[in-house]
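What follows is one structure encoded as structure tokens, with my remarks underneath.
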Amino acid sequence: MATKEKINDPMLDPKTGEYAVIGPGQTFKSVTDTISKIVLTAHTPVGWFLGLLMAGGLATGLLIGLTWLVLKGVGIWGITIPGAWGFAIINFVWWIGIGHAGTLISAILLLFKQGWRNSINRFAEAMTIFAVVCAGMFPLIHVGRPWLGYWLFPYPNTMNVWPQWRSPLAWDVFAVSTYATISVVFWYIGMIPDFGTLRDRAKSPLAQYCYGLLSLGWRGSTRHWMRYESASLLLAGLSTPLVLSVHTVISFDFAVAALAGWHTTIFPPYFVAGAVYSGFAMVLTLAIPIRKLYHLEHIITLRHLDNMAKVMLVTGFIVCYGYGMEVFMAWYSASHWEFFMMWNRMFGPMGWAYGILILTNLAIPLTTLWFRKLRVNTTYLFILSIIVNIGMWFERFVIVVTSLYRDYLPSSWGTYKATRWDYLIYVGTLGLFTFLFFLFVRFLPMIPMSELRTMLPQTKIRPGGPVAETNIEEAV
Amino acid sequence: MPMQEGIYGLVAEFDTPGDMVRATEAAHHHGYRRMDCYTPYPVEEAAEALHFTKNRVSLICLLGGILGGSTAFLMQTWIAVWSYPLNIAGRPLYSWPAFIIPAYEWTILWAGLSAAFGMLAMNGLPQPYHPLFNAPNFRDGATVDKFFLCLEATDPRFSLVESRAFLESFNPVSVVEVDH
């Protein structure tokens, strides 16, 4: 498929016809400079302040919403009986799902030796952590008295009361807290060598001091590196089953309940695939503006965008299979309740939500992502990633709301209508997420410099013979 | 630890990883053992040249995982069967399939924390001060684009004159004396 204009594109590898993972002519110094100057510059771009201000404004909305919630109770939300779960649980599942792509990129792709992930794994991990921050808040505030949230943990107390281990709520506490801890540790361990670089390159004493503390005195000793590599691989190997288990446990919150539309065995794989789908969409939403604004096109190349779009295509089809299976099982189970749930989901009063879900999660992405032209078109991908994020939010909306508000007994049917507080808190978490992300790109190395160096041709050492002086001078 | 004085070692700076690995191999062949390479990214060939190919991070990780998983499982069993028995829909008190989920999570949690903190502990980090940072050229390159080999003074073969001549035979950018 190599047309003439493509051959002339310097970003294309002439051997494979694929886009290069890293732009040509890079050296150890140039990649270090590109990334460290974003953090160490004395001139913060004005746009950064504007963005921080806007995101901070929205996050203030979250603060107001939470304050009012604590003062008045969960009655300010649209939750009722039977629709007791509402926005809090929708947002919880949505945010956790977004986090999953970060772990997938940092862990699973590392185990599969997908070198291209090195450019995007750091900020995908940051995305994970900030998404988990937003997600973890929701079950806590949904329990009604968040100041007693520590009751969820097993600790010896004078009441002589312990958690109930057969409840998915207790499993959730373990899964989400482990996920948050391991993600933070993995993220921080990954940054230690880069903190060392920043410490050595910082000019101001304050930056030297701060990055010096964070680097723990890293000096790049080979013995340290080898143990470090072992620990990184182990953490990746541990994060992989972890990330799969977290969304599985979350799907148990639903699947353990005896409610039509929730009580199904397909939920764990279907939730995990949906999580990865929305997570990759969010990585694209973040990566496309960042590479543009910080001129990182030679480090986060079209190859990355192309590959991420392909992962979305695959996981999108798994999600599509999940939707199909739900419909099939509703019919095949010959259960009146299952059948009615599905009919109500598609054509009931909230059928519009199902329509949006099919359009945004299946119809638009799964027909267009086949085309490489569209996969490397940044504008299209950016819009598409937002469409998929919306779609995945609606998926959780459909699952939570349409199963609850029309349950077994028609006399107990109700409806669900979110209040302005629901919207404020949701939009507030978007603000908090963006706010944290702005701080991250300014103060932390958003691309792992040490891992990027390993991808340069200069690292090759010819076995046995003397040095492979892979024309460093020429590259400079 | 008492304050150490005198020379820590000799540091040779190289432009390429290959030069450094070659010098390291020769140094090991020459009988030097107390030495280390310092690189801006992991260089496996350097570890081979130093004959440092095994480490215990995975063992610590395994032990942490076993400890975490069994702790969580036993804790749940003790709570559900003895300390706070609850009849939930007539299910047995020892409903072990449900206990597997928190035990699984704690296996991962403890294994991950053991791997991360075990690695830091074995590396002797955090260690804000190290004599190598006294080398004037070390911080310019060790974490960016230069490759260092340090022969330490505690090595029995170390001699200021001979070791310097030895290092200089590999055409390094520079050879610097580092004090404690």
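Going through the structure tokens in order, the chains are called A, B, and so on, while each chain numbers its residues from 1 and the ligands are numbered from 1 in the order shown.
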Identify every residue of chain B that has at least one atom within 7 Å of any atom of chain A, counting only C-alpha atoms, and report the result as a ChimeraX atom specification. /B:17-19,36-42,46-47,52,55,57,76,79,84,98-99,101-102,105,108-109,112,115-116,119,123,125-129,139-140,142-145
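Residue neighbourhood of Ser70 in chain B, excluding near-sequence residues (fewer than 3 positions): Gly65, Ile66, Leu67, Phe73, Leu74, Met75, Ala103, Trp106 and Thr107 of chain B, at 9 Å, using only C-alpha atoms.
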Which residues are close to Pro365 in chain A, i.e. within 9 Å by only C-alpha atoms, leaving aside same-chain residues fewer than 6 positions away? Reply as a CSV table (one decimal) with C-alpha atoms, in the first residue's frame.
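So part.csv came out as:
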```
chain,number,residue,atom,x,y,z
A,312,MET,CA,-9.8,0.1,20.3
A,313,LEU,CA,-11.1,-1.7,17.3
A,316,GLY,CA,-14.7,-2.5,20.6
A,359,LEU,CA,-24.4,4.6,17.9
A,384,LEU,CA,-13.9,9.7,18.0
A,385,SER,CA,-12.2,9.2,21.3
A,387,ILE,CA,-17.5,9.9,21.2
A,388,VAL,CA,-16.4,6.6,22.7
```
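The spacing separating CA of Gly99 in chain A from CA of Ala131 in chain A amounts to 5.3 Å.
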List the neighbours of Tyr94 in chain B out to 7 Å using only C-alpha atoms; skip same-chain residues closer than 3 positions along the sequence, and give me the result as a ChimeraX atom specification. /B:77,80-81
Which of chain B end up as helix (DSSP H, G or I) when DSSP is run on this backbone - answer as a ChimeraX atom specification? /B:17-29,44-49,57-83,96-122,131-134,138-141,160-168
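Distance check against Thr248 in chain A using only C-alpha atoms: of A:Val93, A:Met341, A:Ala84, A:Val184, the minimum falls on A:Val93.
The smallest atom-to-atom distance between Asp179 in chain B and any of B:Val161, B:Leu113, B:Leu10, B:Ala27, using only C-alpha atoms, is found for B:Leu10.
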Which residues, written as a short mmCIF file (atom, residue, chain, number, x, y, z; two decimals) with N, CA, C and O atoms, in the first residue's frame, have at least one atom at most 9 Å from Met20 in chain B, with only C-alpha atoms counted and residues fewer than 2 positions away on the same chain left out?
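Once written, result.cif looks like this:
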```
data_model
loop_
_atom_site.label_atom_id
_atom_site.label_comp_id
_atom_site.auth_asym_id
_atom_site.auth_seq_id
_atom_site.Cartn_x
_atom_site.Cartn_y
_atom_site.Cartn_z
N VAL A 467 33.10 -1.73 19.86
CA VAL A 467 31.92 -0.91 19.97
C VAL A 467 31.19 -0.67 18.66
O VAL A 467 31.81 -0.48 17.64
N ALA B 12 36.06 6.32 35.05
CA ALA B 12 36.32 6.59 33.64
C ALA B 12 35.01 6.89 32.94
O ALA B 12 34.01 6.21 33.17
N GLU B 13 35.03 7.92 32.10
CA GLU B 13 33.82 8.30 31.38
C GLU B 13 33.94 7.86 29.94
O GLU B 13 34.97 8.07 29.30
N PHE B 14 32.88 7.26 29.40
CA PHE B 14 32.88 6.82 28.00
C PHE B 14 31.71 7.44 27.27
O PHE B 14 30.70 7.78 27.86
N ASP B 15 31.90 7.54 25.94
CA ASP B 15 30.83 8.10 25.11
C ASP B 15 29.79 7.08 24.71
O ASP B 15 28.64 7.43 24.44
N THR B 16 30.23 5.84 24.60
CA THR B 16 29.29 4.83 24.11
C THR B 16 29.22 3.67 25.09
O THR B 16 30.18 3.40 25.81
N PRO B 17 28.11 2.97 25.11
CA PRO B 17 27.99 1.82 26.00
C PRO B 17 28.99 0.73 25.63
O PRO B 17 29.50 0.04 26.52
N GLY B 18 29.29 0.59 24.36
CA GLY B 18 30.20 -0.47 23.92
C GLY B 18 31.58 -0.31 24.52
O GLY B 18 32.18 -1.27 25.02
N ARG B 22 33.38 -2.94 27.10
CA ARG B 22 34.67 -3.55 26.76
C ARG B 22 35.68 -3.34 27.90
O ARG B 22 36.36 -4.27 28.33
N ALA B 23 35.69 -2.12 28.43
CA ALA B 23 36.60 -1.84 29.55
C ALA B 23 36.22 -2.66 30.77
O ALA B 23 37.08 -3.18 31.49
N THR B 24 34.93 -2.82 31.00
CA THR B 24 34.48 -3.57 32.18
C THR B 24 34.88 -5.04 32.06
O THR B 24 35.35 -5.65 33.03
N GLU B 25 34.66 -5.58 30.87
CA GLU B 25 35.04 -6.98 30.65
C GLU B 25 36.53 -7.19 30.93
O GLU B 25 36.93 -8.13 31.62
N CYS B 37 29.33 -0.13 36.96
CA CYS B 37 29.09 0.75 35.81
C CYS B 37 27.90 1.65 36.14
O CYS B 37 27.01 1.27 36.90
N ALA B 46 26.59 -4.77 30.39
CA ALA B 46 27.44 -4.33 31.51
C ALA B 46 27.25 -5.26 32.70
O ALA B 46 28.21 -5.62 33.38
N PHE B 147 28.56 7.16 29.88
CA PHE B 147 28.67 5.83 30.48
C PHE B 147 29.92 5.78 31.34
O PHE B 147 31.00 6.13 30.86
N PHE B 148 29.77 5.38 32.59
CA PHE B 148 30.88 5.45 33.54
C PHE B 148 31.24 4.07 34.06
O PHE B 148 30.37 3.23 34.27
N LEU B 149 32.55 3.89 34.25
CA LEU B 149 33.02 2.69 34.93
C LEU B 149 33.84 3.16 36.13
O LEU B 149 34.74 3.99 35.98
N PHE B 170 41.81 2.34 27.51
CA PHE B 170 40.57 2.14 26.72
C PHE B 170 40.07 3.44 26.10
O PHE B 170 38.93 3.50 25.65
N PRO B 172 39.15 6.46 27.33
CA PRO B 172 37.94 7.11 27.85
C PRO B 172 37.99 8.61 27.59
O PRO B 172 39.04 9.15 27.23
#
```
Determine, counting only C-alpha atoms, which protein, DNA and RNA residues have an atom within 12 Å of an atom of range 152-155 of chain B; residues of the same chain fewer than 2 positions away are not included. Present the result as a PyMOL selection string. chain B and resi 4-12+27-28+30-37+131-132+149-150+157-164+176-180
Could those residues be written to a file, using C-alpha atoms, as a PDB file, in the first residue's frame?
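Result file again-v9.pdb:
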```pdb
ATOM      1  CA  GLN B   4      35.222   7.409  55.501  1.00  0.00           C
ATOM      2  CA  GLU B   5      38.055   9.392  54.133  1.00  0.00           C
ATOM      3  CA  GLY B   6      40.409   9.203  51.250  1.00  0.00           C
ATOM      4  CA  ILE B   7      39.801   7.957  47.759  1.00  0.00           C
ATOM      5  CA  TYR B   8      36.590   6.198  46.804  1.00  0.00           C
ATOM      6  CA  GLY B   9      37.801   5.141  43.392  1.00  0.00           C
ATOM      7  CA  LEU B  10      38.653   6.038  39.824  1.00  0.00           C
ATOM      8  CA  VAL B  11      35.909   6.899  37.384  1.00  0.00           C
ATOM      9  CA  ALA B  12      36.318   6.591  33.637  1.00  0.00           C
ATOM     10  CA  ALA B  27      38.772  -5.120  34.173  1.00  0.00           C
ATOM     11  CA  HIS B  28      36.966  -8.233  35.342  1.00  0.00           C
ATOM     12  CA  HIS B  30      42.222  -8.418  35.032  1.00  0.00           C
ATOM     13  CA  GLY B  31      40.954  -9.395  38.464  1.00  0.00           C
ATOM     14  CA  TYR B  32      39.030  -6.309  39.498  1.00  0.00           C
ATOM     15  CA  ARG B  33      35.868  -7.173  41.420  1.00  0.00           C
ATOM     16  CA  ARG B  34      34.843  -4.068  43.366  1.00  0.00           C
ATOM     17  CA  MET B  35      33.659  -1.963  40.504  1.00  0.00           C
ATOM     18  CA  ASP B  36      30.399  -0.797  39.006  1.00  0.00           C
ATOM     19  CA  CYS B  37      29.086   0.750  35.813  1.00  0.00           C
ATOM     20  CA  PRO B 131      30.945   9.806  46.717  1.00  0.00           C
ATOM     21  CA  LEU B 132      30.420   9.496  42.973  1.00  0.00           C
ATOM     22  CA  LEU B 149      33.024   2.694  34.932  1.00  0.00           C
ATOM     23  CA  CYS B 150      34.232   3.079  38.502  1.00  0.00           C
ATOM     24  CA  ARG B 157      44.060  -4.889  42.919  1.00  0.00           C
ATOM     25  CA  PHE B 158      43.439  -1.158  43.074  1.00  0.00           C
ATOM     26  CA  SER B 159      46.406   1.107  42.767  1.00  0.00           C
ATOM     27  CA  LEU B 160      46.081   4.746  41.913  1.00  0.00           C
ATOM     28  CA  VAL B 161      48.755   4.708  39.231  1.00  0.00           C
ATOM     29  CA  GLU B 162      48.238   1.291  37.683  1.00  0.00           C
ATOM     30  CA  SER B 163      44.457   1.408  37.707  1.00  0.00           C
ATOM     31  CA  ARG B 164      44.535   4.821  36.086  1.00  0.00           C
ATOM     32  CA  VAL B 176      38.751  11.147  37.436  1.00  0.00           C
ATOM     33  CA  GLU B 177      39.740  10.468  41.027  1.00  0.00           C
ATOM     34  CA  VAL B 178      36.764  10.482  43.393  1.00  0.00           C
ATOM     35  CA  ASP B 179      37.030  11.242  47.087  1.00  0.00           C
ATOM     36  CA  HIS B 180      34.715  10.069  49.824  1.00  0.00           C
TER      37      HIS B 180
END
```
Just the residues within 10 Å of Thr34 in chain A, please, counting only C-alpha atoms, with nothing from its chain fewer than 5 positions along; format it as a PyMOL selection string. chain A and resi 29+39+294-296+299+447+449
Output C-alpha atoms of each residue in that selection to a file, as a PDB file, in the first residue's frame.
```pdb
ATOM      1  CA  LYS A  29      20.645  13.934  24.689  1.00  0.00           C
ATOM      2  CA  VAL A  39       9.420  20.272  33.345  1.00  0.00           C
ATOM      3  CA  TYR A 294       4.286  20.249  23.528  1.00  0.00           C
ATOM      4  CA  HIS A 295       5.569  19.442  20.031  1.00  0.00           C
ATOM      5  CA  LEU A 296       6.151  15.788  20.806  1.00  0.00           C
ATOM      6  CA  ILE A 299       8.112  10.880  20.312  1.00  0.00           C
ATOM      7  CA  ILE A 447       7.411  10.503  29.057  1.00  0.00           C
ATOM      8  CA  MET A 449      13.261   9.220  29.414  1.00  0.00           C
TER       9      MET A 449
END
```
Using only C-alpha atoms, the shortest atom-to-atom distance to Thr434 in chain A among A:Met282, A:Ala260, A:Leu148, A:Ile266 belongs to A:Met282
